[in-house]
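Written below as structure tokens is the structure these notes are about.
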Amino acid sequence: MPSKNKVTVTAEPGKQEVFITREFDAPRELVFKAHTDPKLYVQWLGPYGYEMILETFEPVNGGRYRYIHKDQGGNEYGFHGTFHEMSMDNMVQTFEFEGYPGHVSLDTMTLEELPGHRTKATIHSVFQSVSDRDGMIQNGMEKGMREGYERLDDILKAM
Amino acid sequence: MRRDVFQAIADPNRRAILSLLARQRMTLNGVAENFRISRPAVSKHIRILKECGLVIVIPQGRERYVEARFDKLNEVTDWVEQYRQIWEERFNRLDDLLEQMKKEKQHAIKK
């Protein structure tokens, strides 16, 4: 059943940040649990057609994470970062795609209680530069990663 | 230097030029009159916009007209849309999981 809850993505031109908002028909504790229980986390995070391997997952203040998206051709795409704060009010973590090393974003997620046992999630990602952000949006995080590498090559050549 | 739509809109003056041209095509001088920055600076921004494919410059008599080409801007929307769809896919799966969790919780309470 397609959800009536829509994702909104706000990426203003020329800025280093992206906002993602989405409402869920579930209480805050459950949404938080789905983000902090490794057995639950692997079930929804990975893109379709990819195997999701959660290698390291320490969802506590100062903890680390690393996961791999593996496609059917055996190509692996790794992501890692550190949890700065992990509470229901504030989930703060760094995020780095290993195919684009050194380009780290800082992601903050807040879960707001709505009437009727519903929850509004807001993700705020801040990138190191406008082109990092646009590059990440262009890559769509996972989709077209190979093209991402090629584009990166072009950018590096042009620098 | 990059010459794509993101480069074009990265600068506030260039964004202002584009919103000016959204209403009507204008002469180079007409555009420059709307800005405090120097005419050569405005010309430079228009050159970059042209190289990024967001405006075309049409010579007409002694004047040169600048016209916006907004179809290029759709590239930005499309990329954001693609990104949005990835999150939508992901969160739809989370919805299914949350439904399951809610049922399990109710089940546990009944016990």
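Just so we're on the same page: first chain in the structure tokens is A, next is B, and so on; residues restart at 1 for each chain, and ligands are numbered from 1 in the order they show up.
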Near-Gly14 in chain A list (10 Å; only C-alpha atoms; drop same-chain fewer than 3 positions) as a ChimeraX atom specification = /A:11,17,129-131,133-134 /B:6-12,15
For the selection just defined, write its residues with all heavy atoms to a file, as an mmCIF file, in the first residue's frame.
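Output saved as again-v3.cif:
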```cif
data_model
loop_
_atom_site.group_PDB
_atom_site.id
_atom_site.type_symbol
_atom_site.label_atom_id
_atom_site.label_comp_id
_atom_site.auth_asym_id
_atom_site.auth_seq_id
_atom_site.Cartn_x
_atom_site.Cartn_y
_atom_site.Cartn_z
ATOM 1 N N ALA A 11 16.447 21.452 -0.981
ATOM 2 C CA ALA A 11 17.858 21.733 -1.263
ATOM 3 C C ALA A 11 17.918 23.050 -2.014
ATOM 4 O O ALA A 11 17.749 23.097 -3.226
ATOM 5 C CB ALA A 11 18.465 20.602 -2.091
ATOM 6 N N GLU A 17 23.362 22.631 2.507
ATOM 7 C CA GLU A 17 22.542 21.761 3.341
ATOM 8 C C GLU A 17 21.337 21.196 2.595
ATOM 9 O O GLU A 17 20.926 21.725 1.568
ATOM 10 C CB GLU A 17 22.064 22.535 4.578
ATOM 11 C CG GLU A 17 21.270 23.765 4.194
ATOM 12 C CD GLU A 17 20.884 24.660 5.364
ATOM 13 O OE1 GLU A 17 21.230 24.351 6.510
ATOM 14 O OE2 GLU A 17 20.216 25.664 5.101
ATOM 15 N N SER A 129 30.835 21.481 1.254
ATOM 16 C CA SER A 129 30.765 22.515 0.225
ATOM 17 C C SER A 129 29.479 22.333 -0.572
ATOM 18 O O SER A 129 28.828 21.278 -0.485
ATOM 19 C CB SER A 129 31.967 22.416 -0.729
ATOM 20 O OG SER A 129 31.887 21.211 -1.460
ATOM 21 N N VAL A 130 29.136 23.347 -1.345
ATOM 22 C CA VAL A 130 27.946 23.274 -2.191
ATOM 23 C C VAL A 130 28.105 22.137 -3.207
ATOM 24 O O VAL A 130 27.174 21.367 -3.454
ATOM 25 C CB VAL A 130 27.711 24.627 -2.911
ATOM 26 C CG1 VAL A 130 26.534 24.532 -3.872
ATOM 27 C CG2 VAL A 130 27.460 25.743 -1.898
ATOM 28 N N SER A 131 29.323 22.003 -3.766
ATOM 29 C CA SER A 131 29.498 20.968 -4.790
ATOM 30 C C SER A 131 29.459 19.563 -4.187
ATOM 31 O O SER A 131 29.035 18.617 -4.835
ATOM 32 C CB SER A 131 30.772 21.198 -5.602
ATOM 33 O OG SER A 131 31.904 21.123 -4.783
ATOM 34 N N ARG A 133 27.484 18.745 -1.717
ATOM 35 C CA ARG A 133 26.058 18.484 -1.554
ATOM 36 C C ARG A 133 25.412 18.120 -2.889
ATOM 37 O O ARG A 133 24.710 17.130 -3.006
ATOM 38 C CB ARG A 133 25.342 19.709 -0.973
ATOM 39 C CG ARG A 133 23.874 19.450 -0.721
ATOM 40 C CD ARG A 133 23.045 20.702 -0.642
ATOM 41 N NE ARG A 133 22.951 21.360 -1.954
ATOM 42 C CZ ARG A 133 22.149 22.370 -2.210
ATOM 43 N NH1 ARG A 133 21.404 22.865 -1.247
ATOM 44 N NH2 ARG A 133 22.104 22.917 -3.405
ATOM 45 N N ASP A 134 25.680 18.945 -3.895
ATOM 46 C CA ASP A 134 25.067 18.689 -5.194
ATOM 47 C C ASP A 134 25.544 17.366 -5.769
ATOM 48 O O ASP A 134 24.783 16.647 -6.402
ATOM 49 C CB ASP A 134 25.376 19.843 -6.155
ATOM 50 C CG ASP A 134 24.732 21.141 -5.691
ATOM 51 O OD1 ASP A 134 23.815 21.066 -4.853
ATOM 52 O OD2 ASP A 134 25.149 22.206 -6.159
ATOM 53 N N PHE B 6 24.676 23.713 -11.791
ATOM 54 C CA PHE B 6 24.943 23.983 -10.374
ATOM 55 C C PHE B 6 25.918 25.147 -10.203
ATOM 56 O O PHE B 6 25.789 25.970 -9.309
ATOM 57 C CB PHE B 6 25.472 22.732 -9.672
ATOM 58 C CG PHE B 6 24.442 21.668 -9.564
ATOM 59 C CD1 PHE B 6 24.542 20.505 -10.304
ATOM 60 C CD2 PHE B 6 23.349 21.849 -8.736
ATOM 61 C CE1 PHE B 6 23.560 19.530 -10.214
ATOM 62 C CE2 PHE B 6 22.363 20.879 -8.642
ATOM 63 C CZ PHE B 6 22.475 19.717 -9.378
ATOM 64 N N GLN B 7 26.916 25.171 -11.099
ATOM 65 C CA GLN B 7 27.865 26.272 -11.084
ATOM 66 C C GLN B 7 27.123 27.581 -11.384
ATOM 67 O O GLN B 7 27.364 28.610 -10.777
ATOM 68 C CB GLN B 7 28.956 26.005 -12.136
ATOM 69 C CG GLN B 7 30.045 27.042 -12.179
ATOM 70 C CD GLN B 7 30.803 27.105 -10.868
ATOM 71 O OE1 GLN B 7 31.005 26.090 -10.210
ATOM 72 N NE2 GLN B 7 31.204 28.293 -10.468
ATOM 73 N N ALA B 8 26.204 27.491 -12.328
ATOM 74 C CA ALA B 8 25.457 28.679 -12.755
ATOM 75 C C ALA B 8 24.688 29.306 -11.596
ATOM 76 O O ALA B 8 24.687 30.518 -11.429
ATOM 77 C CB ALA B 8 24.495 28.305 -13.885
ATOM 78 N N ILE B 9 24.071 28.467 -10.784
ATOM 79 C CA ILE B 9 23.201 29.014 -9.744
ATOM 80 C C ILE B 9 23.884 29.117 -8.386
ATOM 81 O O ILE B 9 23.258 29.488 -7.395
ATOM 82 C CB ILE B 9 21.882 28.206 -9.624
ATOM 83 C CG1 ILE B 9 22.189 26.738 -9.290
ATOM 84 C CG2 ILE B 9 21.053 28.324 -10.888
ATOM 85 C CD1 ILE B 9 20.947 25.906 -9.072
ATOM 86 N N ALA B 10 25.183 28.818 -8.337
ATOM 87 C CA ALA B 10 25.905 28.876 -7.067
ATOM 88 C C ALA B 10 26.112 30.322 -6.588
ATOM 89 O O ALA B 10 26.344 30.569 -5.416
ATOM 90 C CB ALA B 10 27.251 28.170 -7.199
ATOM 91 N N ASP B 11 26.022 31.268 -7.497
ATOM 92 C CA ASP B 11 26.307 32.664 -7.156
ATOM 93 C C ASP B 11 25.004 33.468 -7.009
ATOM 94 O O ASP B 11 24.131 33.393 -7.878
ATOM 95 C CB ASP B 11 27.175 33.263 -8.276
ATOM 96 C CG ASP B 11 27.514 34.702 -7.991
ATOM 97 O OD1 ASP B 11 26.699 35.594 -8.359
ATOM 98 O OD2 ASP B 11 28.582 34.951 -7.400
ATOM 99 N N PRO B 12 24.880 34.250 -5.933
ATOM 100 C CA PRO B 12 23.623 35.002 -5.727
ATOM 101 C C PRO B 12 23.328 36.019 -6.836
ATOM 102 O O PRO B 12 22.160 36.225 -7.182
ATOM 103 C CB PRO B 12 23.833 35.700 -4.380
ATOM 104 C CG PRO B 12 25.288 35.589 -4.064
ATOM 105 C CD PRO B 12 25.804 34.389 -4.808
ATOM 106 N N ARG B 15 21.847 34.164 -9.678
ATOM 107 C CA ARG B 15 20.453 33.785 -9.409
ATOM 108 C C ARG B 15 19.535 34.995 -9.597
ATOM 109 O O ARG B 15 18.439 34.885 -10.127
ATOM 110 C CB ARG B 15 20.315 33.227 -7.986
ATOM 111 C CG ARG B 15 21.023 31.895 -7.804
ATOM 112 C CD ARG B 15 20.453 31.128 -6.624
ATOM 113 N NE ARG B 15 20.701 31.767 -5.323
ATOM 114 C CZ ARG B 15 21.812 31.622 -4.611
ATOM 115 N NH1 ARG B 15 22.784 30.866 -5.075
ATOM 116 N NH2 ARG B 15 21.961 32.207 -3.452
#
```
What are the closest atom pairs, with distances in Å to one decimal, for each residue of chain B lying within 12 Å of chain A, using only C-alpha atoms, rows by chain and rising residue number, as CSV?
```
residue,atom,partner,partner_atom,distance
B:Met1,CA,A:Ala158,CA,5.9
B:Arg2,CA,A:Ile155,CA,7.1
B:Arg3,CA,A:Ala158,CA,10.1
B:Asp4,CA,A:Ser131,CA,11.1
B:Val5,CA,A:Pro13,CA,10.0
B:Phe6,CA,A:Asp134,CA,7.4
B:Gln7,CA,A:Ser131,CA,8.4
B:Ala8,CA,A:Gly14,CA,9.3
B:Ile9,CA,A:Pro13,CA,6.3
B:Ala10,CA,A:Gly14,CA,4.2
B:Asp11,CA,A:Gly14,CA,6.7
B:Pro12,CA,A:Gly14,CA,7.8
B:Asn13,CA,A:Gly14,CA,11.2
B:Arg14,CA,A:Gly14,CA,10.6
B:Arg15,CA,A:Pro13,CA,8.7
B:Ala16,CA,A:Pro13,CA,12.0
B:Leu73,CA,A:Pro13,CA,10.6
B:Glu75,CA,A:Gln138,CA,9.6
B:Val76,CA,A:Gln138,CA,8.5
B:Thr77,CA,A:Ala11,CA,9.5
B:Asp78,CA,A:Gln138,CA,8.9
B:Trp79,CA,A:Gln138,CA,5.3
B:Val80,CA,A:Ile137,CA,6.2
B:Glu81,CA,A:Val9,CA,8.0
B:Gln82,CA,A:Gly140,CA,6.3
B:Tyr83,CA,A:Gly140,CA,4.7
B:Arg84,CA,A:Val9,CA,5.9
B:Gln85,CA,A:Val7,CA,8.2
B:Ile86,CA,A:Gly140,CA,7.1
B:Trp87,CA,A:Val7,CA,7.0
B:Glu88,CA,A:Val7,CA,5.8
B:Glu89,CA,A:Pro47,CA,7.8
B:Arg90,CA,A:Trp44,CA,5.8
B:Phe91,CA,A:Trp44,CA,7.3
B:Asn92,CA,A:Ser3,CA,6.6
B:Arg93,CA,A:Trp44,CA,5.2
B:Leu94,CA,A:Trp44,CA,5.4
B:Asp95,CA,A:Phe24,CA,6.9
B:Asp96,CA,A:Trp44,CA,9.0
B:Leu97,CA,A:Trp44,CA,7.7
B:Leu98,CA,A:Ala26,CA,6.5
B:Glu99,CA,A:Ala26,CA,7.6
B:Gln100,CA,A:Leu30,CA,10.4
B:Met101,CA,A:Leu30,CA,7.3
B:Lys102,CA,A:Ala26,CA,7.4
B:Lys103,CA,A:Ala26,CA,10.9
B:Glu104,CA,A:Leu30,CA,11.2
B:Lys105,CA,A:Leu30,CA,9.7
```
Just-selected residues, C-alpha atoms written as a compact mmCIF listing (two decimals), in the first residue's frame:
```txt
# COMPACT_ATOMS: atom_id res chain seq x y z
CA MET B 1 36.10 25.41 -13.98
CA ARG B 2 32.82 23.54 -13.90
CA ARG B 3 30.27 24.63 -16.43
CA ASP B 4 27.01 23.12 -15.40
CA VAL B 5 23.73 24.25 -13.99
CA PHE B 6 24.94 23.98 -10.37
CA GLN B 7 27.87 26.27 -11.08
CA ALA B 8 25.46 28.68 -12.76
CA ILE B 9 23.20 29.01 -9.74
CA ALA B 10 25.91 28.88 -7.07
CA ASP B 11 26.31 32.66 -7.16
CA PRO B 12 23.62 35.00 -5.73
CA ASN B 13 24.14 37.60 -8.49
CA ARG B 14 23.61 34.96 -11.15
CA ARG B 15 20.45 33.78 -9.41
CA ALA B 16 19.24 37.41 -9.32
CA LEU B 73 17.15 24.33 -14.62
CA GLU B 75 18.11 19.19 -14.31
CA VAL B 76 18.36 20.40 -10.72
CA THR B 77 14.78 19.47 -9.94
CA ASP B 78 15.25 16.06 -11.49
CA TRP B 79 18.27 15.29 -9.32
CA VAL B 80 16.48 16.40 -6.18
CA GLU B 81 13.51 14.32 -7.30
CA GLN B 82 15.73 11.27 -7.75
CA TYR B 83 17.17 11.75 -4.27
CA ARG B 84 13.65 12.16 -2.89
CA GLN B 85 12.56 8.90 -4.49
CA ILE B 86 15.40 7.00 -2.81
CA TRP B 87 14.25 8.28 0.57
CA GLU B 88 10.63 7.55 -0.31
CA GLU B 89 11.52 3.94 -1.18
CA ARG B 90 13.48 3.61 2.05
CA PHE B 91 10.79 5.15 4.25
CA ASN B 92 8.03 3.07 2.64
CA ARG B 93 9.95 0.00 3.79
CA LEU B 94 10.26 1.58 7.22
CA ASP B 95 6.46 2.06 7.24
CA ASP B 96 5.95 -1.66 6.67
CA LEU B 97 8.39 -2.45 9.44
CA LEU B 98 6.69 0.00 11.84
CA GLU B 99 3.30 -1.61 11.12
CA GLN B 100 4.80 -4.96 12.02
CA MET B 101 6.35 -3.52 15.19
CA LYS B 102 3.03 -1.98 16.24
CA LYS B 103 1.28 -5.35 15.84
CA GLU B 104 3.96 -7.13 17.83
CA LYS B 105 3.68 -4.54 20.57
```
Sel. of alpha helix (DSSP H) residues, chain A, as a ChimeraX atom specification = /A:28-36,38-44,130-139,145-158
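Residues in contact range of range 68-74 of chain A, defined as at most 12 Å between only C-alpha atoms, with sequence neighbours fewer than 2 positions away removed, read Val42, Leu45, Gly46, Pro47, Tyr48, Gly49, Tyr50, Glu51, Met52, Ile53, Leu54, Glu55, Thr56, Phe57, Tyr65, Arg66, Glu76, Tyr77, Gly78, Phe79, His80, Glu96, Phe97, Glu98, Gly99, Met141, Glu142, Lys143 and Met145 of chain A.
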Grab the residues selected above and save them as a short mmCIF file (atom, residue, chain, number, x, y, z; two decimals), in the first residue's frame with N, CA, C and O atoms.
```cif
data_model
loop_
_atom_site.label_atom_id
_atom_site.label_comp_id
_atom_site.auth_asym_id
_atom_site.auth_seq_id
_atom_site.Cartn_x
_atom_site.Cartn_y
_atom_site.Cartn_z
N VAL A 42 18.75 -2.95 9.31
CA VAL A 42 19.12 -3.56 8.01
C VAL A 42 17.91 -3.83 7.13
O VAL A 42 18.04 -3.95 5.92
N LEU A 45 17.04 0.14 5.44
CA LEU A 45 17.98 1.16 4.97
C LEU A 45 18.53 0.92 3.56
O LEU A 45 18.69 1.86 2.79
N GLY A 46 18.85 -0.33 3.26
CA GLY A 46 19.51 -0.61 1.97
C GLY A 46 18.61 -0.38 0.78
O GLY A 46 17.40 -0.54 0.88
N PRO A 47 19.17 0.03 -0.36
CA PRO A 47 18.35 0.22 -1.56
C PRO A 47 17.91 -1.13 -2.15
O PRO A 47 18.54 -2.14 -1.91
N TYR A 48 16.82 -1.10 -2.93
CA TYR A 48 16.33 -2.31 -3.60
C TYR A 48 17.43 -2.92 -4.46
O TYR A 48 18.16 -2.20 -5.12
N GLY A 49 17.49 -4.23 -4.45
CA GLY A 49 18.45 -4.91 -5.32
C GLY A 49 19.86 -4.98 -4.75
O GLY A 49 20.76 -5.47 -5.39
N TYR A 50 20.04 -4.43 -3.55
CA TYR A 50 21.36 -4.48 -2.92
C TYR A 50 21.26 -5.27 -1.62
O TYR A 50 20.26 -5.21 -0.92
N GLU A 51 22.34 -5.98 -1.33
CA GLU A 51 22.41 -6.65 -0.04
C GLU A 51 22.96 -5.63 0.95
O GLU A 51 23.88 -4.89 0.65
N MET A 52 22.34 -5.58 2.11
CA MET A 52 22.77 -4.60 3.12
C MET A 52 23.57 -5.33 4.19
O MET A 52 23.04 -6.21 4.87
N ILE A 53 24.82 -4.99 4.32
CA ILE A 53 25.67 -5.64 5.33
C ILE A 53 26.05 -4.60 6.38
O ILE A 53 26.72 -3.60 6.07
N LEU A 54 25.59 -4.83 7.58
CA LEU A 54 25.89 -3.91 8.68
C LEU A 54 27.11 -4.47 9.40
O LEU A 54 27.01 -5.41 10.19
N GLU A 55 28.26 -3.88 9.12
CA GLU A 55 29.52 -4.44 9.63
C GLU A 55 29.76 -4.02 11.08
O GLU A 55 30.08 -4.83 11.93
N THR A 56 29.65 -2.72 11.32
CA THR A 56 29.83 -2.19 12.68
C THR A 56 28.63 -1.31 12.97
O THR A 56 28.20 -0.53 12.12
N PHE A 57 28.07 -1.44 14.17
CA PHE A 57 26.90 -0.62 14.50
C PHE A 57 26.86 -0.41 16.00
O PHE A 57 26.52 -1.31 16.75
N TYR A 65 29.85 3.36 13.06
CA TYR A 65 29.08 2.45 12.21
C TYR A 65 29.80 2.30 10.87
O TYR A 65 30.56 3.18 10.45
N ARG A 66 29.59 1.15 10.26
CA ARG A 66 30.02 0.96 8.88
C ARG A 66 29.08 -0.05 8.25
O ARG A 66 28.77 -1.08 8.84
N GLU A 76 30.84 -3.63 -4.11
CA GLU A 76 30.54 -3.20 -2.75
C GLU A 76 30.72 -1.69 -2.60
O GLU A 76 31.69 -1.13 -3.09
N TYR A 77 29.76 -1.07 -1.93
CA TYR A 77 29.83 0.36 -1.67
C TYR A 77 29.77 0.57 -0.16
O TYR A 77 28.76 0.26 0.47
N GLY A 78 30.85 1.05 0.40
CA GLY A 78 30.93 1.19 1.85
C GLY A 78 30.62 2.61 2.33
O GLY A 78 30.90 3.60 1.63
N PHE A 79 30.03 2.68 3.50
CA PHE A 79 29.71 3.97 4.13
C PHE A 79 30.09 3.86 5.60
O PHE A 79 29.88 2.82 6.22
N HIS A 80 30.64 4.89 6.16
CA HIS A 80 30.92 4.83 7.59
C HIS A 80 30.83 6.21 8.23
O HIS A 80 30.77 7.23 7.54
N GLU A 96 30.03 9.31 5.60
CA GLU A 96 31.04 9.38 4.54
C GLU A 96 30.88 8.19 3.61
O GLU A 96 30.82 7.04 4.05
N PHE A 97 30.82 8.46 2.31
CA PHE A 97 30.80 7.42 1.29
C PHE A 97 32.25 7.11 0.95
O PHE A 97 33.02 7.99 0.60
N GLU A 98 32.60 5.83 1.07
CA GLU A 98 34.01 5.47 0.91
C GLU A 98 34.50 5.61 -0.54
O GLU A 98 35.70 5.64 -0.79
N GLY A 99 33.55 5.72 -1.48
CA GLY A 99 33.93 5.97 -2.86
C GLY A 99 34.28 7.43 -3.11
O GLY A 99 34.72 7.80 -4.20
N MET A 141 22.92 9.26 -3.60
CA MET A 141 23.56 8.43 -2.59
C MET A 141 24.04 7.09 -3.16
O MET A 141 25.21 6.83 -3.21
N GLU A 142 23.12 6.25 -3.61
CA GLU A 142 23.55 4.94 -4.07
C GLU A 142 23.45 4.79 -5.58
O GLU A 142 24.29 4.18 -6.19
N LYS A 143 22.39 5.38 -6.12
CA LYS A 143 22.17 5.21 -7.56
C LYS A 143 23.26 5.90 -8.36
O LYS A 143 23.72 6.98 -8.01
N MET A 145 26.40 5.33 -8.80
CA MET A 145 27.65 5.60 -8.10
C MET A 145 28.84 5.59 -9.05
O MET A 145 29.78 6.33 -8.89
#
```
May I have all residues of range 23-96 of chain B that DSSP, computed from the backbone, assigns to strand (DSSP E or B), given as a ChimeraX atom specification?
-> /B:26-27,55-60,63-68
Got time to write the residues from that selection, N, CA and C atoms, as a PDB file, in the first residue's frame?
```
ATOM      1  N   MET B  26      15.995  40.764 -21.820  1.00  0.00           N
ATOM      2  CA  MET B  26      16.473  42.133 -21.594  1.00  0.00           C
ATOM      3  C   MET B  26      17.766  42.361 -22.348  1.00  0.00           C
ATOM      4  N   THR B  27      18.092  43.633 -22.552  1.00  0.00           N
ATOM      5  CA  THR B  27      19.391  43.935 -23.149  1.00  0.00           C
ATOM      6  C   THR B  27      20.449  43.798 -22.054  1.00  0.00           C
ATOM      7  N   VAL B  55      21.388  30.825 -20.377  1.00  0.00           N
ATOM      8  CA  VAL B  55      20.896  31.985 -21.144  1.00  0.00           C
ATOM      9  C   VAL B  55      21.483  31.924 -22.556  1.00  0.00           C
ATOM     10  N   ILE B  56      20.801  32.608 -23.473  1.00  0.00           N
ATOM     11  CA  ILE B  56      21.391  32.809 -24.790  1.00  0.00           C
ATOM     12  C   ILE B  56      21.463  34.313 -25.029  1.00  0.00           C
ATOM     13  N   VAL B  57      22.454  34.750 -25.804  1.00  0.00           N
ATOM     14  CA  VAL B  57      22.609  36.172 -26.117  1.00  0.00           C
ATOM     15  C   VAL B  57      22.307  36.340 -27.604  1.00  0.00           C
ATOM     16  N   ILE B  58      21.303  37.204 -27.893  1.00  0.00           N
ATOM     17  CA  ILE B  58      20.878  37.397 -29.277  1.00  0.00           C
ATOM     18  C   ILE B  58      21.207  38.818 -29.728  1.00  0.00           C
ATOM     19  N   PRO B  59      22.104  38.982 -30.705  1.00  0.00           N
ATOM     20  CA  PRO B  59      22.384  40.323 -31.224  1.00  0.00           C
ATOM     21  C   PRO B  59      21.208  40.795 -32.078  1.00  0.00           C
ATOM     22  N   GLN B  60      20.776  42.027 -31.849  1.00  0.00           N
ATOM     23  CA  GLN B  60      19.648  42.575 -32.613  1.00  0.00           C
ATOM     24  C   GLN B  60      19.949  44.043 -32.863  1.00  0.00           C
ATOM     25  N   GLU B  63      21.921  46.341 -30.355  1.00  0.00           N
ATOM     26  CA  GLU B  63      21.737  45.799 -29.001  1.00  0.00           C
ATOM     27  C   GLU B  63      22.001  44.300 -28.935  1.00  0.00           C
ATOM     28  N   ARG B  64      22.329  43.865 -27.726  1.00  0.00           N
ATOM     29  CA  ARG B  64      22.433  42.424 -27.499  1.00  0.00           C
ATOM     30  C   ARG B  64      21.435  42.048 -26.413  1.00  0.00           C
ATOM     31  N   TYR B  65      20.543  41.149 -26.757  1.00  0.00           N
ATOM     32  CA  TYR B  65      19.504  40.721 -25.817  1.00  0.00           C
ATOM     33  C   TYR B  65      19.900  39.427 -25.107  1.00  0.00           C
ATOM     34  N   VAL B  66      19.545  39.350 -23.830  1.00  0.00           N
ATOM     35  CA  VAL B  66      19.797  38.134 -23.063  1.00  0.00           C
ATOM     36  C   VAL B  66      18.459  37.472 -22.774  1.00  0.00           C
ATOM     37  N   GLU B  67      18.389  36.177 -23.034  1.00  0.00           N
ATOM     38  CA  GLU B  67      17.157  35.435 -22.817  1.00  0.00           C
ATOM     39  C   GLU B  67      17.457  34.197 -21.989  1.00  0.00           C
ATOM     40  N   ALA B  68      16.601  33.924 -21.017  1.00  0.00           N
ATOM     41  CA  ALA B  68      16.827  32.758 -20.142  1.00  0.00           C
ATOM     42  C   ALA B  68      16.349  31.474 -20.813  1.00  0.00           C
TER      43      ALA B  68
END
```
Neighbour list for Arg64 in chain A as a ChimeraX atom specification, cut-off 10 Å, only C-alpha atoms, skip fewer than 2 positions in-chain = /A:56-62,66,80-84,93-94
Would you save the residues of that selection, restricted to N, CA, C and O atoms, as a PDB file, in the first residue's frame?
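Output below, filename again-v9.pdb:
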```pdb
ATOM      1  N   THR A  56      29.649  -2.722  11.322  1.00  0.00           N
ATOM      2  CA  THR A  56      29.829  -2.191  12.677  1.00  0.00           C
ATOM      3  C   THR A  56      28.627  -1.311  12.973  1.00  0.00           C
ATOM      4  O   THR A  56      28.200  -0.531  12.115  1.00  0.00           O
ATOM      5  N   PHE A  57      28.066  -1.436  14.170  1.00  0.00           N
ATOM      6  CA  PHE A  57      26.902  -0.619  14.497  1.00  0.00           C
ATOM      7  C   PHE A  57      26.855  -0.409  16.003  1.00  0.00           C
ATOM      8  O   PHE A  57      26.518  -1.313  16.754  1.00  0.00           O
ATOM      9  N   GLU A  58      27.268   0.754  16.438  1.00  0.00           N
ATOM     10  CA  GLU A  58      27.293   1.086  17.865  1.00  0.00           C
ATOM     11  C   GLU A  58      26.477   2.368  18.086  1.00  0.00           C
ATOM     12  O   GLU A  58      27.047   3.461  18.182  1.00  0.00           O
ATOM     13  N   PRO A  59      25.146   2.239  18.096  1.00  0.00           N
ATOM     14  CA  PRO A  59      24.310   3.446  18.155  1.00  0.00           C
ATOM     15  C   PRO A  59      24.241   4.082  19.549  1.00  0.00           C
ATOM     16  O   PRO A  59      23.185   4.175  20.162  1.00  0.00           O
ATOM     17  N   VAL A  60      25.388   4.491  20.042  1.00  0.00           N
ATOM     18  CA  VAL A  60      25.485   5.210  21.322  1.00  0.00           C
ATOM     19  C   VAL A  60      26.387   6.425  21.093  1.00  0.00           C
ATOM     20  O   VAL A  60      27.087   6.489  20.080  1.00  0.00           O
ATOM     21  N   ASN A  61      26.377   7.365  22.037  1.00  0.00           N
ATOM     22  CA  ASN A  61      27.240   8.546  21.898  1.00  0.00           C
ATOM     23  C   ASN A  61      28.690   8.096  21.709  1.00  0.00           C
ATOM     24  O   ASN A  61      29.213   7.339  22.518  1.00  0.00           O
ATOM     25  N   GLY A  62      29.330   8.574  20.654  1.00  0.00           N
ATOM     26  CA  GLY A  62      30.732   8.218  20.401  1.00  0.00           C
ATOM     27  C   GLY A  62      30.918   6.887  19.694  1.00  0.00           C
ATOM     28  O   GLY A  62      32.049   6.495  19.400  1.00  0.00           O
ATOM     29  N   ARG A  66      29.586   1.152  10.261  1.00  0.00           N
ATOM     30  CA  ARG A  66      30.023   0.958   8.885  1.00  0.00           C
ATOM     31  C   ARG A  66      29.078  -0.048   8.251  1.00  0.00           C
ATOM     32  O   ARG A  66      28.768  -1.077   8.844  1.00  0.00           O
ATOM     33  N   HIS A  80      30.635   4.893   6.159  1.00  0.00           N
ATOM     34  CA  HIS A  80      30.917   4.829   7.590  1.00  0.00           C
ATOM     35  C   HIS A  80      30.831   6.212   8.231  1.00  0.00           C
ATOM     36  O   HIS A  80      30.770   7.233   7.544  1.00  0.00           O
ATOM     37  N   GLY A  81      30.840   6.191   9.557  1.00  0.00           N
ATOM     38  CA  GLY A  81      30.765   7.442  10.294  1.00  0.00           C
ATOM     39  C   GLY A  81      30.743   7.184  11.788  1.00  0.00           C
ATOM     40  O   GLY A  81      30.941   6.049  12.244  1.00  0.00           O
ATOM     41  N   THR A  82      30.510   8.251  12.534  1.00  0.00           N
ATOM     42  CA  THR A  82      30.508   8.173  13.990  1.00  0.00           C
ATOM     43  C   THR A  82      29.203   8.761  14.520  1.00  0.00           C
ATOM     44  O   THR A  82      28.721   9.760  13.987  1.00  0.00           O
ATOM     45  N   PHE A  83      28.659   8.116  15.533  1.00  0.00           N
ATOM     46  CA  PHE A  83      27.491   8.676  16.197  1.00  0.00           C
ATOM     47  C   PHE A  83      27.965   9.660  17.253  1.00  0.00           C
ATOM     48  O   PHE A  83      28.704   9.299  18.159  1.00  0.00           O
ATOM     49  N   HIS A  84      27.567  10.878  17.120  1.00  0.00           N
ATOM     50  CA  HIS A  84      27.975  11.902  18.076  1.00  0.00           C
ATOM     51  C   HIS A  84      27.006  11.912  19.254  1.00  0.00           C
ATOM     52  O   HIS A  84      27.398  12.001  20.399  1.00  0.00           O
ATOM     53  N   GLN A  93      25.111  12.371  13.594  1.00  0.00           N
ATOM     54  CA  GLN A  93      26.153  11.461  13.120  1.00  0.00           C
ATOM     55  C   GLN A  93      26.869  12.028  11.909  1.00  0.00           C
ATOM     56  O   GLN A  93      26.335  12.871  11.200  1.00  0.00           O
ATOM     57  N   THR A  94      28.103  11.556  11.704  1.00  0.00           N
ATOM     58  CA  THR A  94      28.807  11.907  10.474  1.00  0.00           C
ATOM     59  C   THR A  94      28.529  10.810   9.452  1.00  0.00           C
ATOM     60  O   THR A  94      28.178   9.688   9.814  1.00  0.00           O
TER      61      THR A  94
END
```
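Among B:Ile17, B:Gly61, B:Lys110, B:Lys72, the residue with the shortest atom-to-atom distance to Ser43 in chain B, counting only C-alpha atoms, is B:Ile17.
Across the model, the gap from CA of Lys39 in chain A to CA of Val126 in chain A is 27.9 Å.
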